[in-house]
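Q: Quick one: the structure is below, and I'll ask about it shortly.
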Amino acid sequence: MKPRTQKFTVFGFLLFALVTAGCQSGKFTHWISPQISGRVLAADTHQPLVDAKVQRAELQKFEPFGPPKGGQVLMQSSGVQTDADGRFVLPGESVFAVFRQPGWWSVPVLFSCSGYQTFQTNYTGTNVIGHSAAGVPEVNAGDVLLQPATR
């Protein structure tokens with residue numbers, strides 16, 4: 001190997017090592033939706049509603065490279081179901097952004113269950129009660145009461 005080529009190889013390796021050692025995705029990962037937890041109950045009986053669906057009501061607006069593509073839409077969460085106690089945890093969502101620091105202002109959430117009226121509400125930064133160890137903003141929705149459907 002010629003000395004000049006060896007210099008570039010060593011320089012390239014050192015540059016690669018420096019760049020990868022300094023990379024931390026935490027600086028580029030931004031939360032665009034908090035983790036939301038709570039219980040879904042019947043408004044008339046205050047009994048837990050099993051298998052009620054909890055989901056974000058619309059697609060997240062932030063996309064660093066334009067509107068979401070077909071594959072990105074398919075990858076988005078379709079929501080969660082409540083357990084036997086009516087409890088749910090809707091995970092937070094994050095994006096990777098190098099040049100902009102996106103955030104969230106309001107997250108519309110839809111609650112639905114067979115035999116009950118659908119309910120929609122919004123959660124904002126004022127609803128955040130804290131952050132998880134991973135930095136995910138957390139919202140406690142408390143007890144969400146669904147009204148029985150009118151017949």
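Here, A, B, ... name the chains of the structure tokens in the order displayed, residue numbers run from 1 inside each chain, and ligands are numbered from 1 in the same displayed order.
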Need the shell around Phe111 in chain A: protein/DNA/RNA residues with any atom at most 12 Å away, counting only C-alpha atoms. Skip same-chain ones fewer than 2 positions apart. Format as an mmCIF file with N, CA and C atoms, in the first residue's frame?

A:
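The result, stored in out.cif:
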data_model
loop_
_atom_site.group_PDB
_atom_site.id
_atom_site.type_symbol
_atom_site.label_atom_id
_atom_site.label_comp_id
_atom_site.auth_asym_id
_atom_site.auth_seq_id
_atom_site.Cartn_x
_atom_site.Cartn_y
_atom_site.Cartn_z
ATOM 1 N N GLY A 38 -55.409 5.186 30.519
ATOM 2 C CA GLY A 38 -56.621 5.436 31.288
ATOM 3 C C GLY A 38 -57.526 4.219 31.277
ATOM 4 N N ARG A 39 -58.820 4.469 31.578
ATOM 5 C CA ARG A 39 -59.835 3.398 31.562
ATOM 6 C C ARG A 39 -61.043 3.883 30.788
ATOM 7 N N VAL A 40 -61.718 2.949 30.128
ATOM 8 C CA VAL A 40 -62.971 3.255 29.427
ATOM 9 C C VAL A 40 -64.088 2.534 30.175
ATOM 10 N N LEU A 41 -65.089 3.322 30.606
ATOM 11 C CA LEU A 41 -66.196 2.789 31.394
ATOM 12 C C LEU A 41 -67.529 3.141 30.752
ATOM 13 N N ALA A 42 -68.557 2.352 31.063
ATOM 14 C CA ALA A 42 -69.921 2.666 30.642
ATOM 15 C C ALA A 42 -70.414 3.811 31.520
ATOM 16 N N LEU A 49 -65.456 -1.265 30.093
ATOM 17 C CA LEU A 49 -65.819 -1.744 28.762
ATOM 18 C C LEU A 49 -64.629 -2.513 28.191
ATOM 19 N N ASP A 51 -62.566 -4.509 25.374
ATOM 20 C CA ASP A 51 -62.336 -4.433 23.927
ATOM 21 C C ASP A 51 -62.845 -3.141 23.284
ATOM 22 N N ALA A 52 -62.953 -2.080 24.070
ATOM 23 C CA ALA A 52 -63.253 -0.771 23.473
ATOM 24 C C ALA A 52 -62.007 -0.357 22.689
ATOM 25 N N LYS A 53 -62.200 0.352 21.588
ATOM 26 C CA LYS A 53 -61.069 0.760 20.760
ATOM 27 C C LYS A 53 -60.676 2.191 21.094
ATOM 28 N N VAL A 54 -59.374 2.416 21.266
ATOM 29 C CA VAL A 54 -58.818 3.741 21.540
ATOM 30 C C VAL A 54 -57.778 4.004 20.453
ATOM 31 N N GLN A 55 -57.948 5.115 19.719
ATOM 32 C CA GLN A 55 -57.016 5.417 18.628
ATOM 33 C C GLN A 55 -56.901 6.910 18.415
ATOM 34 N N ARG A 56 -55.804 7.308 17.804
ATOM 35 C CA ARG A 56 -55.660 8.702 17.401
ATOM 36 C C ARG A 56 -56.656 8.944 16.280
ATOM 37 N N ALA A 57 -57.341 10.087 16.322
ATOM 38 C CA ALA A 57 -58.433 10.336 15.385
ATOM 39 C C ALA A 57 -57.969 10.727 13.994
ATOM 40 N N GLY A 79 -54.481 1.790 16.706
ATOM 41 C CA GLY A 79 -55.068 1.954 18.031
ATOM 42 C C GLY A 79 -54.862 0.732 18.898
ATOM 43 N N VAL A 80 -55.482 0.771 20.077
ATOM 44 C CA VAL A 80 -55.374 -0.330 21.033
ATOM 45 C C VAL A 80 -56.764 -0.695 21.530
ATOM 46 N N GLN A 81 -56.874 -1.874 22.120
ATOM 47 C CA GLN A 81 -58.121 -2.350 22.720
ATOM 48 C C GLN A 81 -57.969 -2.298 24.240
ATOM 49 N N THR A 82 -59.066 -2.063 24.936
ATOM 50 C CA THR A 82 -59.036 -2.079 26.394
ATOM 51 C C THR A 82 -59.006 -3.516 26.896
ATOM 52 N N GLY A 86 -60.958 -2.512 31.470
ATOM 53 C CA GLY A 86 -61.226 -1.290 30.711
ATOM 54 C C GLY A 86 -59.998 -0.413 30.551
ATOM 55 N N PHE A 88 -56.284 0.936 29.158
ATOM 56 C CA PHE A 88 -55.585 1.008 27.878
ATOM 57 C C PHE A 88 -54.318 1.835 28.035
ATOM 58 N N LEU A 90 -52.136 3.802 25.070
ATOM 59 C CA LEU A 90 -51.882 4.155 23.677
ATOM 60 C C LEU A 90 -50.453 4.676 23.617
ATOM 61 N N PRO A 108 -55.913 14.499 18.913
ATOM 62 C CA PRO A 108 -57.294 14.041 19.015
ATOM 63 C C PRO A 108 -57.339 12.523 19.183
ATOM 64 N N VAL A 109 -58.113 12.061 20.149
ATOM 65 C CA VAL A 109 -58.225 10.633 20.434
ATOM 66 C C VAL A 109 -59.695 10.231 20.375
ATOM 67 N N CYS A 113 -66.864 1.759 21.167
ATOM 68 C CA CYS A 113 -67.192 0.421 21.640
ATOM 69 C C CYS A 113 -68.571 0.062 21.108
ATOM 70 N N SER A 114 -68.753 -1.169 20.710
ATOM 71 C CA SER A 114 -70.041 -1.626 20.196
ATOM 72 C C SER A 114 -71.132 -1.407 21.243
ATOM 73 N N TYR A 116 -72.197 1.567 22.178
ATOM 74 C CA TYR A 116 -71.984 2.848 22.855
ATOM 75 C C TYR A 116 -71.687 3.933 21.832
ATOM 76 N N GLN A 117 -71.988 5.167 22.205
ATOM 77 C CA GLN A 117 -71.694 6.303 21.337
ATOM 78 C C GLN A 117 -70.189 6.540 21.311
ATOM 79 N N THR A 118 -69.692 6.885 20.136
ATOM 80 C CA THR A 118 -68.278 7.212 19.990
ATOM 81 C C THR A 118 -68.011 8.563 20.642
ATOM 82 N N PHE A 119 -66.851 8.673 21.268
ATOM 83 C CA PHE A 119 -66.469 9.909 21.947
ATOM 84 C C PHE A 119 -65.095 10.325 21.454
ATOM 85 N N GLN A 120 -64.931 11.618 21.165
ATOM 86 C CA GLN A 120 -63.631 12.141 20.745
ATOM 87 C C GLN A 120 -63.255 13.311 21.641
ATOM 88 N N THR A 121 -61.981 13.366 22.018
ATOM 89 C CA THR A 121 -61.463 14.469 22.811
ATOM 90 C C THR A 121 -60.038 14.767 22.368
ATOM 91 N N ASN A 122 -59.505 15.882 22.830
ATOM 92 C CA ASN A 122 -58.142 16.287 22.499
ATOM 93 C C ASN A 122 -57.298 16.345 23.763
ATOM 94 N N ALA A 141 -55.452 9.908 30.994
ATOM 95 C CA ALA A 141 -56.793 10.295 30.563
ATOM 96 C C ALA A 141 -57.832 10.068 31.656
ATOM 97 N N ASP A 143 -60.714 8.220 33.821
ATOM 98 C CA ASP A 143 -61.848 7.402 33.403
ATOM 99 C C ASP A 143 -62.591 8.112 32.281
ATOM 100 N N VAL A 144 -62.701 7.443 31.133
ATOM 101 C CA VAL A 144 -63.441 7.968 29.993
ATOM 102 C C VAL A 144 -64.775 7.258 29.970
ATOM 103 N N LEU A 145 -65.869 8.027 30.061
ATOM 104 C CA LEU A 145 -67.214 7.448 30.122
ATOM 105 C C LEU A 145 -67.881 7.498 28.759
ATOM 106 N N LEU A 146 -68.318 6.313 28.277
ATOM 107 C CA LEU A 146 -69.039 6.248 27.008
ATOM 108 C C LEU A 146 -70.532 6.060 27.280
ATOM 109 N N GLN A 147 -71.326 6.873 26.601
ATOM 110 C CA GLN A 147 -72.783 6.826 26.733
ATOM 111 C C GLN A 147 -73.341 5.653 25.915
#

Q: Provide the CA of Pro48 in chain A to CA of Thr124 in chain A distance in Å, to one decimal place.

A: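 Atom-to-atom, CA of Pro48 in chain A and CA of Thr124 in chain A are spaced 25.2 Å apart.
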
Q: Interatomic distance between CA of Val107 in chain A and CA of Ser132 in chain A?

A: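 Computing it gives 18.3 Å between the two atoms.
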
Q: CA of Ser37 in chain A and CA of Asn140 in chain A are how many Å apart?

A: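 Distance reported for this atom pair: 5.2 Å.
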
Q: Any idea what's packed within 8 Å of range 126-131 of chain A, counting only C-alpha atoms, ignoring anything in its chain fewer than 5 positions away? Could you give it as a list in words?

A: Pro34, Val136, Pro137, Glu138, Val139 and Asn140 of chain A
